[in-house]
Every structure is written in C-alpha cells, then in structure tokens.
file structure-v4.cif (mmCIF, C-alpha atoms)
data_query
#
loop_
_atom_site.label_atom_id
_atom_site.label_comp_id
_atom_site.auth_asym_id
_atom_site.auth_seq_id
_atom_site.Cartn_x
_atom_site.Cartn_y
_atom_site.Cartn_z
CA MET A 20 76.94 62.30 106.84
CA THR A 21 76.70 60.00 109.83
CA TRP A 22 74.59 57.86 112.14
CA THR A 23 74.43 58.73 115.83
CA PHE A 24 73.34 56.02 118.27
CA THR A 25 72.25 56.39 121.87
CA PRO A 26 70.23 54.69 124.64
CA ASP A 27 68.96 58.17 125.66
CA LEU A 28 65.33 58.69 124.60
CA ALA A 29 65.41 62.41 125.40
CA ALA A 30 68.47 62.93 123.19
CA TYR A 31 66.84 61.02 120.36
CA LEU A 32 63.62 63.02 120.61
CA ALA A 33 65.49 66.31 120.66
CA ALA A 34 67.48 65.40 117.57
CA ALA A 35 65.19 63.25 115.47
CA HIS A 36 61.57 63.86 116.46
CA PRO A 37 61.02 66.83 114.09
CA ALA A 38 62.10 64.76 111.08
CA VAL A 39 60.07 61.71 112.17
CA ALA A 40 56.99 63.76 113.06
CA ALA A 41 57.05 65.33 109.60
CA ARG A 42 56.10 61.88 108.18
CA PRO A 43 53.38 60.61 110.55
CA VAL A 44 52.07 58.05 108.07
CA SER A 45 55.24 56.24 107.01
CA ASP A 46 56.85 56.72 110.44
CA THR A 47 53.78 55.68 112.44
CA LEU A 48 55.67 52.87 114.22
CA MET A 49 58.42 55.23 115.31
CA LEU A 50 55.91 57.69 116.75
CA THR A 51 53.74 55.21 118.64
CA VAL A 52 56.73 53.38 120.15
CA THR A 53 58.36 56.54 121.47
CA ASP A 54 55.00 57.71 122.82
CA ALA A 55 54.67 54.45 124.77
CA LEU A 56 58.22 54.77 126.12
CA LYS A 57 57.53 58.32 127.29
CA ARG A 58 54.27 57.31 128.97
CA ARG A 59 55.17 53.91 130.45
CA GLY A 60 58.93 54.00 130.82
CA SER A 61 61.89 52.29 129.19
CA ASP A 62 60.54 48.83 130.06
CA ALA A 63 57.26 49.39 128.21
CA TYR A 64 58.14 46.65 125.72
CA GLY A 65 60.19 44.36 127.95
CA ALA A 66 63.30 44.20 130.09
CA GLY A 67 65.73 44.88 127.23
CA ALA A 68 67.18 48.40 127.11
CA PRO A 69 65.87 50.43 124.14
CA PHE A 70 68.25 52.31 121.86
CA PHE A 71 67.83 54.90 119.15
CA GLY A 72 69.63 56.42 116.19
CA TRP A 73 69.38 59.27 113.74
CA TRP A 74 70.95 60.13 110.40
CA THR A 75 72.53 63.53 109.85
CA GLY A 76 73.02 64.56 106.24
CA ALA A 77 75.88 66.50 104.66
CA ASP A 78 74.08 69.79 105.34
CA GLY A 79 73.85 69.03 109.06
CA THR A 80 70.10 68.31 108.94
CA VAL A 81 68.70 65.21 110.66
CA ALA A 82 66.81 63.29 107.99
CA GLY A 83 65.30 60.35 109.93
CA GLY A 84 65.94 57.71 112.52
CA LEU A 85 65.62 54.23 113.91
CA LEU A 86 64.80 52.62 117.23
CA CYS A 87 64.85 49.22 118.89
CA THR A 88 62.96 47.92 121.93
CA PRO A 89 64.28 44.39 122.52
CA PRO A 90 62.98 41.72 122.01
CA PHE A 91 61.23 43.48 119.11
CA PRO A 92 63.04 44.02 115.80
CA MET A 93 64.86 47.25 115.12
CA VAL A 94 62.55 49.65 113.26
CA LEU A 95 64.07 51.78 110.53
CA GLY A 96 62.10 54.89 109.63
CA VAL A 97 62.20 56.88 106.43
CA VAL A 98 65.84 57.74 105.67
CA PRO A 99 67.86 58.52 102.51
CA ALA A 100 69.41 55.68 100.51
CA GLU A 101 72.93 56.58 101.68
CA ALA A 102 71.78 56.22 105.29
CA VAL A 103 70.59 52.67 104.59
CA ARG A 104 73.95 51.70 103.11
CA ALA A 105 75.83 53.26 106.02
CA LEU A 106 73.60 51.46 108.51
CA GLY A 107 74.57 48.13 106.96
CA ALA A 108 78.20 48.77 107.92
CA ALA A 109 77.18 50.03 111.36
CA LEU A 110 75.28 46.81 112.12
CA SER A 111 78.63 45.05 112.38
CA ALA A 112 80.71 47.87 113.88
CA GLU A 113 78.47 49.73 116.36
CA PRO A 114 78.36 48.14 119.87
CA LEU A 115 74.74 49.19 120.51
CA LEU A 116 73.67 47.30 117.37
CA ALA A 117 75.66 44.17 118.05
CA GLY A 118 72.72 42.15 119.35
CA ILE A 119 70.30 42.96 116.54
CA GLY A 120 68.42 39.80 115.68
CA ALA A 121 65.96 41.30 113.18
CA PHE A 122 64.95 44.57 111.60
CA ASN A 123 61.77 46.04 110.16
CA ALA A 124 62.02 48.50 107.26
CA ARG A 125 60.22 49.66 104.14
CA ARG A 126 60.56 46.87 101.60
CA PRO A 127 63.19 48.50 99.31
CA ASP A 128 65.20 49.65 102.34
CA ALA A 129 64.95 46.19 103.91
CA GLU A 130 66.43 44.62 100.80
CA ALA A 131 69.19 47.24 100.56
CA LEU A 132 70.02 46.96 104.27
CA ALA A 133 70.15 43.17 104.10
CA SER A 134 72.57 43.42 101.17
CA ALA A 135 74.74 46.02 102.93
CA TRP A 136 74.81 43.97 106.13
CA GLY A 137 76.83 41.31 104.37
CA ARG A 138 75.14 38.38 106.15
CA PRO A 139 72.74 35.74 104.82
CA THR A 140 69.20 36.83 105.69
CA ARG A 141 65.60 35.91 105.06
CA ILE A 142 62.30 37.78 105.16
CA THR A 143 60.04 36.43 107.90
CA GLU A 144 57.06 38.76 107.46
CA GLU A 145 55.74 41.17 104.84
CA LEU A 146 53.43 43.93 106.00
CA ARG A 147 51.33 46.43 104.09
CA LEU A 148 50.58 49.86 105.52
CA TYR A 149 47.11 51.19 104.72
CA ARG A 150 45.57 54.61 105.29
CA LEU A 151 41.87 55.38 105.34
CA ALA A 152 40.47 57.20 102.33
CA ASP A 153 36.68 57.24 102.80
CA LEU A 154 35.19 55.06 105.51
CA VAL A 155 32.60 52.57 104.23
CA ALA A 156 30.23 50.73 106.57
CA PRO A 157 30.27 46.91 106.43
CA ASP A 158 27.63 45.53 104.08
CA PRO A 159 25.90 43.46 105.28
CA ALA A 160 26.21 44.90 108.78
CA PRO A 161 27.14 42.29 111.40
CA ALA A 162 24.74 41.52 114.22
CA GLY A 163 25.51 43.36 117.44
CA ARG A 164 27.00 46.71 118.39
CA SER A 165 30.30 48.32 119.40
CA ARG A 166 31.29 49.81 122.74
CA PRO A 167 34.48 50.83 124.56
CA ALA A 168 36.10 48.12 126.69
CA THR A 169 36.18 48.65 130.45
CA VAL A 170 38.87 48.13 133.09
CA ALA A 171 36.86 45.16 134.39
CA GLU A 172 37.45 43.46 131.02
CA LEU A 173 41.25 43.64 131.20
CA PRO A 174 41.57 39.84 131.75
CA LEU A 175 39.62 39.20 128.53
CA LEU A 176 41.60 41.84 126.64
CA LEU A 177 44.86 40.30 127.85
CA GLU A 178 43.72 36.82 126.82
CA TRP A 179 42.75 38.00 123.35
CA ALA A 180 45.87 40.13 122.89
CA GLU A 181 48.06 37.15 123.78
CA ALA A 182 46.08 34.89 121.43
CA PHE A 183 46.56 37.47 118.67
CA ARG A 184 50.31 37.61 119.37
CA GLU A 185 50.63 33.81 119.27
CA GLU A 186 48.57 33.49 116.10
CA THR A 187 50.51 36.17 114.24
CA GLY A 188 53.95 35.15 115.55
CA GLY A 189 54.47 38.48 117.30
CA HIS A 190 57.37 39.32 119.56
CA GLY A 191 57.33 39.87 123.31
CA ASN A 192 54.22 39.29 125.42
CA ALA A 193 50.84 40.93 125.68
CA SER A 194 51.04 43.75 128.22
CA GLU A 195 48.37 44.51 130.81
CA ALA A 196 49.91 47.97 131.29
CA ALA A 197 49.55 48.71 127.57
CA LEU A 198 45.94 47.48 127.56
CA ARG A 199 45.10 49.48 130.69
CA ASP A 200 46.49 52.54 128.93
CA ARG A 201 44.32 51.85 125.87
CA VAL A 202 41.21 51.50 128.01
CA SER A 203 41.99 54.83 129.72
CA TYR A 204 41.46 56.82 126.50
CA GLY A 205 38.85 54.57 124.88
CA GLY A 206 41.41 52.93 122.59
CA ALA A 207 40.08 49.37 123.04
CA VAL A 208 36.78 48.81 121.24
CA LEU A 209 34.69 45.66 121.59
CA TRP A 210 31.98 44.31 119.35
CA GLU A 211 29.34 42.50 121.34
CA HIS A 212 26.47 40.27 120.28
CA GLU A 213 23.68 39.15 122.57
CA GLY A 214 25.45 40.82 125.49
CA ALA A 215 28.81 39.06 125.03
CA PRO A 216 32.06 40.44 123.55
CA VAL A 217 32.88 38.70 120.26
CA SER A 218 35.65 40.83 118.69
CA LEU A 219 38.27 43.46 119.59
CA ALA A 220 39.95 46.36 117.78
CA GLY A 221 42.40 48.78 119.33
CA PHE A 222 43.61 52.16 118.15
CA SER A 223 46.58 54.26 119.24
CA ARG A 224 46.40 57.75 120.65
CA PRO A 225 46.49 60.28 117.80
CA ILE A 226 50.10 61.46 117.41
CA CYS A 227 50.81 64.21 114.90
CA SER A 228 47.13 63.77 113.93
CA ALA A 229 47.59 60.09 113.01
CA SER A 230 46.24 56.99 114.77
CA ARG A 231 46.81 53.32 113.95
CA ILE A 232 44.26 50.52 114.28
CA GLY A 233 45.41 47.28 115.91
CA PRO A 234 45.27 44.67 117.11
CA VAL A 235 42.08 43.33 115.54
CA TYR A 236 41.10 39.95 116.93
CA THR A 237 38.12 37.62 116.81
CA PRO A 238 38.27 34.19 118.50
CA PRO A 239 38.42 31.43 115.85
CA ALA A 240 35.01 29.97 116.76
CA LEU A 241 33.36 33.35 116.12
CA ARG A 242 34.93 34.19 112.77
CA GLY A 243 33.13 34.50 109.45
CA ARG A 244 30.27 36.57 110.85
CA GLY A 245 31.56 40.06 110.01
CA TYR A 246 32.48 40.98 113.57
CA ALA A 247 36.04 42.05 112.65
CA ALA A 248 34.71 44.40 109.97
CA GLY A 249 32.17 45.84 112.40
CA VAL A 250 34.64 46.46 115.20
CA THR A 251 37.29 47.87 112.82
CA HIS A 252 34.73 50.28 111.40
CA ALA A 253 33.78 51.31 114.95
CA ALA A 254 37.41 51.72 116.06
CA THR A 255 38.13 53.82 112.97
CA ARG A 256 35.26 56.16 113.82
CA ALA A 257 36.46 56.34 117.42
CA ALA A 258 39.99 57.23 116.29
CA HIS A 259 38.59 60.06 114.17
CA ALA A 260 36.51 61.24 117.12
CA ALA A 261 39.67 61.21 119.27
CA GLY A 262 41.31 63.69 116.88
CA ALA A 263 42.99 61.61 114.18
CA ALA A 264 43.06 63.14 110.71
CA GLU A 265 44.85 60.04 109.36
CA VAL A 266 43.80 56.52 110.41
CA LEU A 267 46.25 53.78 109.51
CA LEU A 268 46.69 50.05 109.92
CA PHE A 269 49.13 47.27 109.05
CA THR A 270 48.18 43.91 107.58
CA ASP A 271 50.16 40.75 106.99
CA LEU A 272 50.33 40.27 103.23
CA ALA A 273 50.06 36.52 103.83
CA ASN A 274 46.47 37.05 105.09
CA PRO A 275 44.26 37.85 102.10
CA THR A 276 41.11 37.84 104.25
CA SER A 277 42.15 40.76 106.44
CA ASN A 278 43.53 42.69 103.45
CA GLY A 279 40.19 42.31 101.70
CA VAL A 280 38.18 43.35 104.77
CA TYR A 281 40.14 46.55 105.27
CA GLN A 282 40.01 47.55 101.62
CA ARG A 283 36.22 47.11 101.61
CA LEU A 284 36.07 49.48 104.60
CA GLY A 285 37.86 52.16 102.60
CA TYR A 286 41.53 51.62 103.46
CA THR A 287 44.03 52.08 100.63
CA PRO A 288 47.65 50.80 100.38
CA VAL A 289 50.52 53.17 101.18
CA GLU A 290 53.68 51.04 101.21
CA ASP A 291 55.05 47.65 102.17
CA ARG A 292 57.48 46.80 104.96
CA ALA A 293 59.46 43.63 105.61
CA GLU A 294 60.90 41.99 108.70
CA VAL A 295 64.34 40.51 108.05
CA VAL A 296 66.38 38.12 110.20
CA PRO A 297 69.86 36.67 109.74
CA VAL A 298 69.94 33.02 108.71
#
call {"tool": "encode", "arguments": {"input": "structure-v4.cif", "output": "structure tokens"}}
result
Amino acid sequence: MTWTFTPDLAAYLAAAHPAVAARPVSDTLMLTVTDALKRRGSDAYGAGAPFFGWWTGADGTVAGGLLCTPPFPMVLGVVPAEAVRALGAALSAEPLLAGIGAFNARRPDAEALASAWGRPTRITEELRLYRLADLVAPDPAPAGRSRPATVAELPLLLEWAEAFREETGGHGNASEAALRDRVSYGGAVLWEHEGAPVSLAGFSRPICSASRIGPVYTPPALRGRGYAAGVTHAATRAAHAAGAAEVLLFTDLANPTSNGVYQRLGYTPVEDRAEVVPV
C-alpha cells in the first residue's frame, strides 16, 4: 500500500483516471481540473507546477488520487482511510508536497488528514456538494431571459469572475483563457433584463456524464430580484442539453441564501468538503 507522486499529468491519468472517473460526482473537482490541464496546458491555473498522486492498495489496484495546481489547495479525492493516514506522513516527508499551504478534502478525510499531519491547522472554508434531483423552475420567475454569453462579452465576464473570486476569497486570479473556453461550448450563461446582462452562471463541460455549475454571480446592486435562481436554472438546463446526466454544484455553507436557492431549484446535498490550512 503506497502513495505515488509525480508532476507528470500523463502518468497520473494512466494510473489513476479509471478510479477517479468511476466516481464522477464525489471526484468532480479532480475531473474538471485535469480536463482543464489537458486542454489549456500546465499553466491553466497559474505559474506554479501542478503535481499529482495516486494510492495503490495491497492488491495492487489504484483506489483514488490527489492533485495540486498552485496557488490552489491540494485536492484529495475519494480514497480509503488508510490512504488518508499515510498521506499525513507524506505531507512532511515527500519533496513534492513540501510547499503545501492548504488542502481540500471530504470533511471526515480533512479532519483525519489534519490530525495525521501533526501540525496545528484550522478550517477556512466549508463547502457542500449538491447534485440535481428534479429541476424546479424559480417561482416567481424573475424578469428577463437567459442566453449564452458571447466572445464580445469577455471583458464583462472577466470583471464578474474576478468580483466573484474576491467576494468568496478564492485563490488565484480570474482567467480570460478559461472564460474564452467556456464561451466556446456555451458554458457561460447570462441572464439579461431590459437588454442588459444582470447575472452569470457557468457550467463545466460534461465529463463522465457529469457537469458542475459555477461560478454564479450577480452584482450586489442587482441582487434580491431572483436573477441568480433564473440563470442557475437556465445553466442547469444547458448542462443537461450538453450531455450531462448528473449536474452538480458547490456552495459555501456560510451562505444560507445560496444554499436555499439551489435547494428550491431541486438540488440535494451529497457530501461536505473542507479547506484546511496550517496555523
């Protein structure tokens, strides 16, 4: 039983992708990040060099993995409990992991990994993963309509994506390349009212028949009018039309408004994740 670590995306995909792809809901982050790296290159998330890892069990079968795209936290996928404990020791001993400043894991694994790490830590963010059960239209329906964003609107998309990142305390910077990619497959949906965009929802390319909604952003002056619910409903329908059998999204548990909106649209909780940093 052992962890294998590498900066080689191709090696990681060859070894770990079958195990990760078998869990497209819980491992949605793993799948969308590696898809972006394949499409846009190793600098898709910034100048830091990505690295990857996978856990091989006693029977020689790869059971799951992890990845990190600095400056974003390391993401731990679904792995057995013994892999979490072993990773705690590796955080101090493995050179590739030496610069880890934070990690993101399912809540029980985050707590176990923090304990095994042997360093004082704190949770900086708690996220809930939702999956769509039955889509419900917003009631009352917001004024306006949805439409795909266009390349000409990239400056607005970049402005709103950066505002979303700042408001939510996200890592890295908003990426024009990532937004241009979203526009190319219809993955950036705008809600407009009286001819002007008022809200945005993105969705990822379907991978293993799963797509994830996000970001969802409405400028502060335009909130409270149902635009976020309208555009999320529209983006969910667009994700289904693009081939997704499962539509997912993450919410910050500290934001009861967004959690309520998504549940009213038909999203149901799957599991919680936590972001942990050393103190």
call {"tool": "closest_residue", "arguments": {"input": "structure-v4.cif", "among": "A:Leu56, A:Ala247, A:Val94, A:Leu116", "to": "Thr25 of chain A", "atoms": "all atoms listed in the file"}}
result
A:Leu116
call {"tool": "residues_around", "arguments": {"input": "structure-v4.cif", "residues": "segment 165-168 of chain A", "least_positions_apart": "3", "cutoff": "7 Å", "atoms": "all atoms listed in the file", "output": "list in words"}}
result
Glu172, Val202, Gly205, Ala207, Val208, Leu209, Trp210, Glu211, Val250 and Ala253 of chain A
call {"tool": "closest_residue", "arguments": {"input": "structure-v4.cif", "among": "A:Ser228, A:Thr21, A:Ser45, A:Asn192", "to": "Leu268 of chain A", "atoms": "all atoms listed in the file"}}
result
A:Ser45
call {"tool": "closest_residue", "arguments": {"input": "structure-v4.cif", "among": "A:Ala162, A:Ala293, A:Leu267, A:Val217", "to": "Phe122 of chain A", "atoms": "all atoms listed in the file"}}
result
A:Ala293
call {"tool": "atom_distance", "arguments": {"input": "structure-v4.cif", "atom1": "atom CA of Arg150 of chain A", "atom2": "atom CA of Val44 of chain A"}}
result
7.9 Å
call {"tool": "atom_distance", "arguments": {"input": "structure-v4.cif", "atom1": "atom CA of Thr53 of chain A", "atom2": "atom CA of Leu198 of chain A"}}
result
16.5 Å
call {"tool": "atom_distance", "arguments": {"input": "structure-v4.cif", "atom1": "atom CA of Ala121 of chain A", "atom2": "atom CA of Leu219 of chain A"}}
result
28.5 Å
call {"tool": "resolve_selection", "arguments": {"input": "structure-v4.cif", "expression": "the PyMOL selection byres ((chain A and resi 129) around 10)", "output": "PDB file with C-alpha atoms, in the coordinates of the input"}}
result
ATOM      1  CA  LEU A  95      64.070  51.780 110.530  1.00  0.00           C
ATOM      2  CA  VAL A 103      70.590  52.670 104.590  1.00  0.00           C
ATOM      3  CA  PHE A 122      64.950  44.570 111.600  1.00  0.00           C
ATOM      4  CA  ASN A 123      61.770  46.040 110.160  1.00  0.00           C
ATOM      5  CA  ALA A 124      62.020  48.500 107.260  1.00  0.00           C
ATOM      6  CA  ARG A 125      60.220  49.660 104.140  1.00  0.00           C
ATOM      7  CA  ARG A 126      60.560  46.870 101.600  1.00  0.00           C
ATOM      8  CA  PRO A 127      63.190  48.500  99.310  1.00  0.00           C
ATOM      9  CA  ASP A 128      65.200  49.650 102.340  1.00  0.00           C
ATOM     10  CA  GLU A 130      66.430  44.620 100.800  1.00  0.00           C
ATOM     11  CA  ALA A 131      69.190  47.240 100.560  1.00  0.00           C
ATOM     12  CA  LEU A 132      70.020  46.960 104.270  1.00  0.00           C
ATOM     13  CA  ALA A 133      70.150  43.170 104.100  1.00  0.00           C
ATOM     14  CA  SER A 134      72.570  43.420 101.170  1.00  0.00           C
ATOM     15  CA  ALA A 135      74.740  46.020 102.930  1.00  0.00           C
ATOM     16  CA  ILE A 142      62.300  37.780 105.160  1.00  0.00           C
ATOM     17  CA  ARG A 292      57.480  46.800 104.960  1.00  0.00           C
ATOM     18  CA  ALA A 293      59.460  43.630 105.610  1.00  0.00           C
ATOM     19  CA  GLU A 294      60.900  41.990 108.700  1.00  0.00           C
ATOM     20  CA  VAL A 295      64.340  40.510 108.050  1.00  0.00           C
TER      21      VAL A 295
END
call {"tool": "resolve_selection", "arguments": {"input": "structure-v4.cif", "expression": "the PyMOL selection byres ((chain A and resi 254) around 7)", "output": "PyMOL selection string"}}
result
chain A and resi 208+220-222+250-253+255-258
call {"tool": "residues_near_point", "arguments": {"input": "structure-v4.cif", "point": "(59.9, 58.1, 114.1)", "cutoff": "12 Å", "atoms": "only C-alpha atoms", "output": "number ranges by chain"}}
result
A: 28, 31-54, 71-74, 81-87, 93-98, 124, 226-227
call {"tool": "build_atoms", "arguments": {"input": "structure-v4.cif", "residues": "segment 101-130 of chain A", "atoms": "N, CA and C atoms", "output": "mmCIF file, in the coordinates of the input"}}
result
data_model
loop_
_atom_site.group_PDB
_atom_site.id
_atom_site.type_symbol
_atom_site.label_atom_id
_atom_site.label_comp_id
_atom_site.auth_asym_id
_atom_site.auth_seq_id
_atom_site.Cartn_x
_atom_site.Cartn_y
_atom_site.Cartn_z
ATOM 1 N N GLU A 101 71.568 56.678 101.149
ATOM 2 C CA GLU A 101 72.930 56.580 101.680
ATOM 3 C C GLU A 101 72.937 56.217 103.152
ATOM 4 N N ALA A 102 71.879 56.579 103.872
ATOM 5 C CA ALA A 102 71.780 56.220 105.290
ATOM 6 C C ALA A 102 71.574 54.719 105.444
ATOM 7 N N VAL A 103 70.813 54.111 104.543
ATOM 8 C CA VAL A 103 70.590 52.670 104.590
ATOM 9 C C VAL A 103 71.904 51.925 104.368
ATOM 10 N N ARG A 104 72.667 52.363 103.377
ATOM 11 C CA ARG A 104 73.950 51.700 103.110
ATOM 12 C C ARG A 104 74.891 51.857 104.295
ATOM 13 N N ALA A 105 74.940 53.040 104.881
ATOM 14 C CA ALA A 105 75.830 53.260 106.020
ATOM 15 C C ALA A 105 75.389 52.452 107.230
ATOM 16 N N LEU A 106 74.098 52.246 107.385
ATOM 17 C CA LEU A 106 73.600 51.460 108.510
ATOM 18 C C LEU A 106 74.027 50.008 108.377
ATOM 19 N N GLY A 107 74.114 49.506 107.159
ATOM 20 C CA GLY A 107 74.570 48.130 106.960
ATOM 21 C C GLY A 107 75.950 47.915 107.542
ATOM 22 N N ALA A 108 76.857 48.871 107.338
ATOM 23 C CA ALA A 108 78.200 48.770 107.920
ATOM 24 C C ALA A 108 78.142 48.913 109.431
ATOM 25 N N ALA A 109 77.269 49.789 109.916
ATOM 26 C CA ALA A 109 77.180 50.030 111.360
ATOM 27 C C ALA A 109 76.635 48.822 112.105
ATOM 28 N N LEU A 110 75.828 47.991 111.456
ATOM 29 C CA LEU A 110 75.280 46.810 112.120
ATOM 30 C C LEU A 110 76.380 45.890 112.627
ATOM 31 N N SER A 111 77.517 45.899 111.964
ATOM 32 C CA SER A 111 78.630 45.050 112.380
ATOM 33 C C SER A 111 79.631 45.783 113.262
ATOM 34 N N ALA A 112 79.660 47.117 113.192
ATOM 35 C CA ALA A 112 80.710 47.870 113.880
ATOM 36 C C ALA A 112 80.237 48.588 115.141
ATOM 37 N N GLU A 113 78.965 48.934 115.238
ATOM 38 C CA GLU A 113 78.470 49.730 116.360
ATOM 39 C C GLU A 113 78.064 48.830 117.526
ATOM 40 N N PRO A 114 78.664 49.012 118.726
ATOM 41 C CA PRO A 114 78.360 48.140 119.870
ATOM 42 C C PRO A 114 76.869 48.081 120.219
ATOM 43 N N LEU A 115 76.162 49.200 120.158
ATOM 44 C CA LEU A 115 74.740 49.190 120.510
ATOM 45 C C LEU A 115 73.920 48.301 119.575
ATOM 46 N N LEU A 116 74.413 48.093 118.361
ATOM 47 C CA LEU A 116 73.670 47.300 117.370
ATOM 48 C C LEU A 116 74.102 45.850 117.328
ATOM 49 N N ALA A 117 75.048 45.490 118.153
ATOM 50 C CA ALA A 117 75.660 44.170 118.050
ATOM 51 C C ALA A 117 74.664 43.026 118.246
ATOM 52 N N GLY A 118 73.650 43.233 119.062
ATOM 53 C CA GLY A 118 72.720 42.150 119.350
ATOM 54 C C GLY A 118 71.488 42.120 118.476
ATOM 55 N N ILE A 119 71.477 42.909 117.401
ATOM 56 C CA ILE A 119 70.300 42.960 116.540
ATOM 57 C C ILE A 119 70.017 41.580 115.959
ATOM 58 N N GLY A 120 68.797 41.097 116.217
ATOM 59 C CA GLY A 120 68.420 39.800 115.680
ATOM 60 C C GLY A 120 67.469 39.903 114.508
ATOM 61 N N ALA A 121 66.899 41.094 114.285
ATOM 62 C CA ALA A 121 65.960 41.300 113.180
ATOM 63 C C ALA A 121 65.752 42.791 112.999
ATOM 64 N N PHE A 122 65.311 43.173 111.815
ATOM 65 C CA PHE A 122 64.950 44.570 111.600
ATOM 66 C C PHE A 122 63.712 44.651 110.730
ATOM 67 N N ASN A 123 63.003 45.759 110.881
ATOM 68 C CA ASN A 123 61.770 46.040 110.160
ATOM 69 C C ASN A 123 61.975 47.339 109.399
ATOM 70 N N ALA A 124 61.783 47.310 108.086
ATOM 71 C CA ALA A 124 62.020 48.500 107.260
ATOM 72 C C ALA A 124 61.106 48.481 106.054
ATOM 73 N N ARG A 125 60.950 49.632 105.411
ATOM 74 C CA ARG A 125 60.220 49.660 104.140
ATOM 75 C C ARG A 125 60.884 48.667 103.190
ATOM 76 N N ARG A 126 60.072 48.014 102.368
ATOM 77 C CA ARG A 126 60.560 46.870 101.600
ATOM 78 C C ARG A 126 61.840 47.171 100.808
ATOM 79 N N PRO A 127 61.933 48.245 100.039
ATOM 80 C CA PRO A 127 63.190 48.500 99.310
ATOM 81 C C PRO A 127 64.369 48.726 100.258
ATOM 82 N N ASP A 128 64.124 49.415 101.379
ATOM 83 C CA ASP A 128 65.200 49.650 102.340
ATOM 84 C C ASP A 128 65.610 48.353 103.038
ATOM 85 N N ALA A 129 64.632 47.474 103.288
ATOM 86 C CA ALA A 129 64.950 46.190 103.910
ATOM 87 C C ALA A 129 65.874 45.370 103.019
ATOM 88 N N GLU A 130 65.590 45.371 101.729
ATOM 89 C CA GLU A 130 66.430 44.620 100.800
ATOM 90 C C GLU A 130 67.830 45.236 100.709
#
